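Undergrad: mmCIF, C-alpha atoms, file start15.cif:
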```
data_data
loop_
_atom_site.label_atom_id
_atom_site.label_comp_id
_atom_site.auth_asym_id
_atom_site.auth_seq_id
_atom_site.Cartn_x
_atom_site.Cartn_y
_atom_site.Cartn_z
CA MET A 1 7.50 24.10 -2.83
CA THR A 2 10.44 21.74 -3.06
CA ALA A 3 13.68 21.73 -4.95
CA GLU A 4 14.96 18.85 -6.96
CA LYS A 5 18.54 18.34 -5.82
CA ASP A 6 21.37 17.03 -7.96
CA PRO A 7 19.30 14.92 -10.37
CA GLU A 8 22.48 14.41 -12.41
CA GLY A 9 24.02 12.56 -9.47
CA PHE A 10 27.28 14.51 -9.54
CA GLU A 11 27.59 14.41 -5.77
CA ARG A 12 27.22 10.64 -5.61
CA LYS A 13 29.64 10.19 -8.48
CA HIS A 14 32.32 12.28 -6.78
CA LEU A 15 31.76 10.68 -3.40
CA HIS A 16 32.39 7.21 -4.83
CA LYS A 17 35.33 8.46 -6.87
CA PHE A 18 36.99 9.75 -3.70
CA ALA A 19 36.29 6.81 -1.39
CA ASP A 20 35.66 3.09 -1.72
CA PHE A 21 32.92 2.34 0.78
CA ALA A 22 32.82 -1.39 0.16
CA ASN A 23 33.15 -3.35 3.39
CA LYS A 24 34.07 -0.22 5.33
CA ARG A 25 32.86 1.21 8.61
CA VAL A 26 31.74 4.77 7.94
CA LEU A 27 31.07 7.70 10.27
CA GLU A 28 29.02 10.54 8.82
CA VAL A 29 29.38 13.86 10.62
CA GLY A 30 26.37 16.15 10.37
CA CYS A 31 24.18 13.63 8.57
CA GLY A 32 21.01 15.72 8.93
CA GLU A 33 18.08 13.95 7.30
CA GLY A 34 20.35 11.34 5.74
CA ARG A 35 20.18 12.58 2.16
CA LEU A 36 23.88 11.85 1.62
CA THR A 37 23.85 8.67 3.73
CA TRP A 38 21.69 6.77 1.27
CA GLN A 39 24.15 7.48 -1.54
CA TYR A 40 26.86 5.21 -0.15
CA ALA A 41 25.61 3.27 2.89
CA ALA A 42 24.52 0.21 0.92
CA ALA A 43 28.13 -0.58 0.09
CA SER A 44 29.41 -0.20 3.63
CA THR A 45 29.59 -2.79 6.38
CA LEU A 46 28.29 -0.28 8.90
CA THR A 47 27.35 3.38 8.65
CA VAL A 48 26.75 5.61 11.64
CA GLY A 49 25.44 9.11 11.04
CA PHE A 50 25.28 11.64 13.79
CA ASP A 51 23.88 15.13 14.09
CA SER A 52 22.78 17.48 16.84
CA ASP A 53 19.45 18.16 15.07
CA HIS A 54 16.90 15.88 16.72
CA ASP A 55 14.15 16.57 14.16
CA ALA A 56 16.43 15.88 11.20
CA LEU A 57 17.42 12.54 12.73
CA ARG A 58 13.77 11.57 13.05
CA VAL A 59 13.41 12.08 9.31
CA ALA A 60 16.59 10.11 8.64
CA ARG A 61 15.35 7.17 10.70
CA ALA A 62 11.92 7.27 9.09
CA ASP A 63 13.44 7.30 5.60
CA ALA A 64 15.75 4.36 6.23
CA PRO A 65 15.15 1.70 3.57
CA HIS A 66 14.13 -1.60 5.10
CA THR A 67 17.17 -3.31 3.61
CA MET A 68 19.56 -0.96 5.36
CA GLN A 69 18.06 -0.81 8.82
CA LYS A 70 20.59 -3.27 10.24
CA LYS A 71 23.67 -1.58 8.90
CA VAL A 72 22.77 2.11 9.21
CA HIS A 73 22.38 3.80 12.57
CA PHE A 74 21.81 7.39 13.62
CA ALA A 75 22.84 9.12 16.83
CA GLU A 76 22.17 12.51 18.33
CA ALA A 77 25.52 14.09 19.15
CA GLY A 78 27.80 17.00 18.40
CA ALA A 79 31.20 16.80 16.76
CA ARG A 80 33.04 18.14 19.78
CA ASN A 81 32.38 14.93 21.71
CA ILE A 82 31.87 12.04 19.35
CA PRO A 83 30.39 9.14 21.32
CA PHE A 84 32.44 6.34 19.74
CA ALA A 85 35.60 4.52 20.69
CA ASN A 86 39.04 5.22 19.29
CA GLU A 87 39.85 3.78 15.86
CA SER A 88 36.30 2.58 15.19
CA PHE A 89 35.90 3.72 11.58
CA ASP A 90 37.66 3.42 8.24
CA ILE A 91 36.06 6.50 6.68
CA ALA A 92 34.59 9.70 8.06
CA VAL A 93 32.43 11.94 5.88
CA LEU A 94 31.89 15.60 6.66
CA ALA A 95 28.51 16.00 5.03
CA TRP A 96 28.22 19.71 4.23
CA SER A 97 29.11 20.19 7.86
CA LEU A 98 32.59 21.70 8.21
CA MET B 1 36.33 23.10 14.20
CA VAL B 2 39.88 22.03 14.96
CA HIS B 3 38.76 20.19 18.08
CA ALA B 4 36.04 18.42 16.09
CA LEU B 5 38.58 17.38 13.46
CA ASP B 6 40.75 15.95 16.24
CA GLU B 7 37.74 14.04 17.56
CA ILE B 8 37.07 12.62 14.11
CA ARG B 9 40.73 11.62 13.84
CA ARG B 10 40.46 9.82 17.18
CA THR B 11 37.62 7.66 15.87
CA LEU B 12 39.41 6.84 12.61
CA LYS B 13 41.63 3.83 12.22
CA PRO B 14 45.30 4.56 11.35
CA ASP B 15 45.49 5.84 7.76
CA GLY B 16 41.73 6.32 7.78
CA THR B 17 40.01 8.50 5.21
CA LEU B 18 38.28 11.79 5.86
CA ILE B 19 36.04 13.12 3.09
CA ASP B 20 35.22 16.81 3.37
CA LEU B 21 32.26 17.57 1.10
CA ARG B 22 30.74 21.03 1.14
CA PRO B 23 29.44 23.95 -0.88
CA VAL B 24 31.59 27.07 -1.15
CA GLU B 25 30.49 30.59 -1.93
CA ASP B 26 31.25 31.75 -5.47
CA HIS B 27 28.38 33.95 -6.70
CA TRP B 28 26.38 30.88 -7.66
CA ALA B 29 24.83 31.13 -11.12
CA VAL B 30 21.07 31.12 -11.66
CA GLU B 31 20.31 29.47 -14.98
CA ILE B 32 17.27 28.80 -17.13
CA VAL B 33 17.47 25.32 -18.54
CA SER B 34 15.26 23.55 -21.08
CA SER B 35 15.56 20.50 -23.28
CA ALA B 36 17.06 22.75 -25.94
CA SER B 37 19.53 24.95 -24.06
CA TYR B 38 20.52 26.74 -20.90
CA GLN B 39 21.07 30.41 -20.23
CA LEU B 40 22.75 32.31 -17.44
CA ALA B 41 20.14 34.65 -15.96
CA GLY B 42 22.17 36.13 -13.12
CA ARG B 43 24.23 35.40 -10.05
CA LEU B 44 23.49 35.26 -6.34
CA THR B 45 25.25 37.60 -3.98
CA ASP B 46 27.66 36.04 -1.51
CA VAL B 47 26.63 36.83 2.06
CA PRO B 48 29.42 37.84 4.48
CA ILE B 49 28.47 35.25 7.12
CA ALA B 50 28.65 32.42 4.57
CA VAL B 51 31.97 33.68 3.22
CA ALA B 52 33.26 33.79 6.80
CA ASP B 53 32.09 30.20 7.35
CA ASP B 54 34.04 29.08 4.28
CA GLU B 55 37.15 30.88 5.45
CA ALA B 56 36.83 29.32 8.91
CA ALA B 57 36.57 25.85 7.36
CA PHE B 58 39.62 26.39 5.15
CA HIS B 59 41.54 27.79 8.12
CA ALA B 60 40.66 24.76 10.26
CA MET B 61 41.85 22.33 7.57
CA ARG B 62 45.09 24.26 7.10
CA GLU B 63 45.58 24.15 10.86
CA VAL B 64 45.11 20.38 11.22
CA GLU B 65 47.33 19.82 8.18
CA SER B 66 50.08 21.94 9.72
CA ARG B 67 49.79 19.94 12.95
CA GLY B 68 50.38 16.76 10.97
CA TRP B 69 46.97 15.26 11.78
CA TYR B 70 45.83 14.87 8.20
CA ILE B 71 47.47 14.79 4.77
CA LYS B 72 45.55 16.04 1.76
CA GLU B 73 45.41 13.37 -0.96
CA LYS B 74 43.20 14.96 -3.60
CA GLU B 75 40.63 17.65 -4.18
CA GLU B 76 38.12 18.55 -6.91
CA GLU B 77 35.35 21.03 -7.59
CA PHE B 78 32.04 20.08 -9.15
CA ALA B 79 28.56 21.50 -9.67
CA PHE B 80 25.53 20.60 -7.57
CA PHE B 81 22.26 21.79 -9.10
CA TYR B 82 19.02 22.75 -7.40
CA TYR B 83 16.05 22.78 -9.81
CA TRP B 84 12.62 24.41 -9.60
CA ASP B 85 9.76 24.51 -12.07
CA THR B 86 9.28 28.27 -11.78
CA PRO B 87 11.19 31.36 -10.57
CA SER B 88 8.56 31.87 -7.86
CA GLU B 89 9.20 28.41 -6.45
CA MET B 90 12.92 29.14 -6.42
CA LYS B 91 12.35 32.43 -4.60
CA GLU B 92 10.07 30.80 -2.05
CA PHE B 93 12.62 28.06 -1.39
CA MET B 94 15.45 30.54 -0.96
CA ASP B 95 13.43 32.69 1.41
CA GLU B 96 12.60 29.68 3.59
CA GLU B 97 15.66 27.43 3.33
CA TRP B 98 18.54 29.78 2.56
CA GLU B 99 17.48 32.82 4.56
CA GLY B 100 20.58 34.68 5.65
CA LEU B 101 22.84 32.34 3.68
CA GLU B 102 22.23 33.33 0.06
CA LYS B 103 20.92 36.58 -1.37
CA MET B 104 19.21 37.14 -4.70
CA ASP B 105 19.04 40.82 -5.62
CA ALA B 106 15.76 42.14 -7.03
CA ASN B 107 17.29 42.87 -10.42
CA VAL B 108 18.56 39.29 -10.66
CA PHE B 109 15.13 37.91 -9.83
CA SER B 110 13.60 40.15 -12.52
CA ALA B 111 16.14 38.86 -15.04
CA VAL B 112 15.39 35.26 -14.04
CA LYS B 113 11.65 35.78 -14.49
CA SER B 114 11.97 37.45 -17.88
CA THR B 115 14.47 34.90 -19.18
CA TRP B 116 12.27 32.04 -17.98
CA THR B 117 9.15 33.62 -19.56
CA MET B 118 10.85 33.84 -22.95
CA ALA B 119 12.33 30.34 -22.82
CA ASN B 120 10.84 27.06 -24.07
CA ALA B 121 7.69 25.78 -22.39
CA ASP B 122 9.66 23.07 -20.58
CA ALA B 123 12.13 25.57 -19.09
CA ARG B 124 13.08 25.22 -15.44
CA VAL B 125 15.20 27.31 -13.10
CA ARG B 126 18.34 26.01 -11.48
CA VAL B 127 21.10 27.26 -9.20
CA ARG B 128 24.60 26.00 -9.86
CA VAL B 129 26.21 25.46 -6.45
CA LYS B 130 29.98 25.21 -6.39
CA MET B 131 31.00 22.11 -4.45
CA LEU B 132 34.37 21.14 -3.10
CA ILE B 133 35.34 17.57 -2.21
CA THR B 134 38.63 16.80 -0.52
CA LYS B 135 40.13 13.50 0.55
CA TRP B 136 42.34 13.54 3.63
CA ILE B 137 44.31 10.69 5.19
CA SER B 138 44.56 10.70 8.98
CA CYS B 139 48.03 10.41 10.52
#
```
Hey, can you dump this file as structure tokens for me?
TA:
Amino acid sequence: MTAEKDPEGFERKHLHKFADFANKRVLEVGCGEGRLTWQYAAASTLTVGFDSDHDALRVARADAPHTMQKKVHFAEAGARNIPFANESFDIAVLAWSL
Amino acid sequence: MVHALDEIRRTLKPDGTLIDLRPVEDHWAVEIVSSASYQLAGRLTDVPIAVADDEAAFHAMREVESRGWYIKEKEEEFAFFYYWDTPSEMKEFMDEEWEGLEKMDANVFSAVKSTWTMANADARVRVRVKMLITKWISC
């Protein structure tokens, strides 16, 4: 039993309409299994997704396309203490997580 | 939430972009869709805890805006569809994945099943989720 999600690609279309990810450093908050990550990460210079769900991050890492393994990274963390330095990213994405 | 938004702001470069992408409760429609047409079969019931989550998120964004941490640049709504081959698959998914978050009343499920049964052979079931995307600039 699985659901097919957004086959029309409306989410991806709106995401790219609202932000230009080309050559940007992106922080994704609440990345979960990385479903959203793969919709923009290819354009970015660096994408870091973080989530407090250890199991979801395992899926995200396992699903990482070979071509993106150098530019996409996942970290286990909560949003109250984000483990990155000041002014590190150009774009932050709240991925169904606010 | 406000503290988390301040943390995100700390990690953003000056004039950085924050994209807030999330579903919002709005009695999401359950539709029967085939190659020929689509029909509204019913609507899900908004659950108080999910409505409260939405309100908390809106409150947090209003708060950080009032503090001058972020400026709203633009906002749009759009539909995000979940599809299943049968009403039973939809019900099973909702019971497992959306338990406590979305509620489908028995009469709505009956209407979905009967509408699907009478539709074309290629008919599928979908839920139309209302999505909100907002672009904020950090200050």
Undergrad: Taking the file as shown, what set of residues would the PyMOL selection byres ((chain A) within 7 of (chain B)) give back, as a ChimeraX atom specification?
TA: /A:1-6,10-11,18,79-82,84-98
Undergrad: What's around Ala119 (chain B) at 12 Å? Count all atoms listed in the file, leave out sequence neighbours fewer than 5 positions away in its own chain, and write the answer as a list of chain:residue names.
TA: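 So the residues in contact are B:Glu31, B:Ile32, B:Val33, B:Ser34, B:Ser35, B:Ala36, B:Ser37, B:Tyr38, B:Gln39, B:Leu40, B:Ala41, B:Thr86, B:Val112, B:Lys113, B:Ser114, B:Arg124, B:Val125.
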Undergrad: Determine, counting all atoms listed in the file, which protein, DNA and RNA residues have an atom within 7 Å of an atom of Trp69 (chain B); residues of the same chain fewer than 2 positions away are not included. Present the result as JSON, numbers by chain.
TA: {"B": [64, 65, 67, 138, 139]}
Undergrad: Let me see the file: selected residues, C-alpha atoms, as a short mmCIF file (atom, residue, chain, number, x, y, z; two decimals), in the frame of the given file.
TA:
```
data_model
loop_
_atom_site.label_atom_id
_atom_site.label_comp_id
_atom_site.auth_asym_id
_atom_site.auth_seq_id
_atom_site.Cartn_x
_atom_site.Cartn_y
_atom_site.Cartn_z
CA VAL B 64 45.11 20.38 11.22
CA GLU B 65 47.33 19.82 8.18
CA ARG B 67 49.79 19.94 12.95
CA SER B 138 44.56 10.70 8.98
CA CYS B 139 48.03 10.41 10.52
#
```
Undergrad: Starting from the PyMOL selection byres ((chain B and resi 28) around 6), expand the selection into actual residues of this file and give them as a VMD selection string.
TA: chain B and resid 26 to 27 29 43 to 44 128 to 129
Undergrad: Apply the PyMOL selection byres ((chain A and resi 43) around 7) to the displayed file and report the matching residues as a ChimeraX atom specification.
TA: /A:21-23,40-42,44-45
Undergrad: What is the CA of Asn107 (chain B)-CA of Asp95 (chain B) distance in Å, reported with one decimal?
TA: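 So the answer is 16.1 Å.
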Undergrad: Would you compute the distance between CA of Arg58 (chain A) and CA of Gly100 (chain B)? Give it in Å to one decimal.
TA: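 We find that CA of Arg58 (chain A) and CA of Gly100 (chain B) lie 25.2 Å from each other.
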Undergrad: Provide an axis-aligned box for all listed atoms of region 75-91 of chain B, padding each side by 4 Å; report its centre and its edge lengths in Å to one decimal, as lines of an AutoDock Vina configuration file.
TA:
```
center_x = 24.6
center_y = 25.0
center_z = -8.1
size_x = 40.1
size_y = 22.8
size_z = 15.9
```
Undergrad: Calculate how many Å separate CA of Gly34 (chain A) from CA of Ala64 (chain A), rounding to one decimal.
TA: 8.4 Å
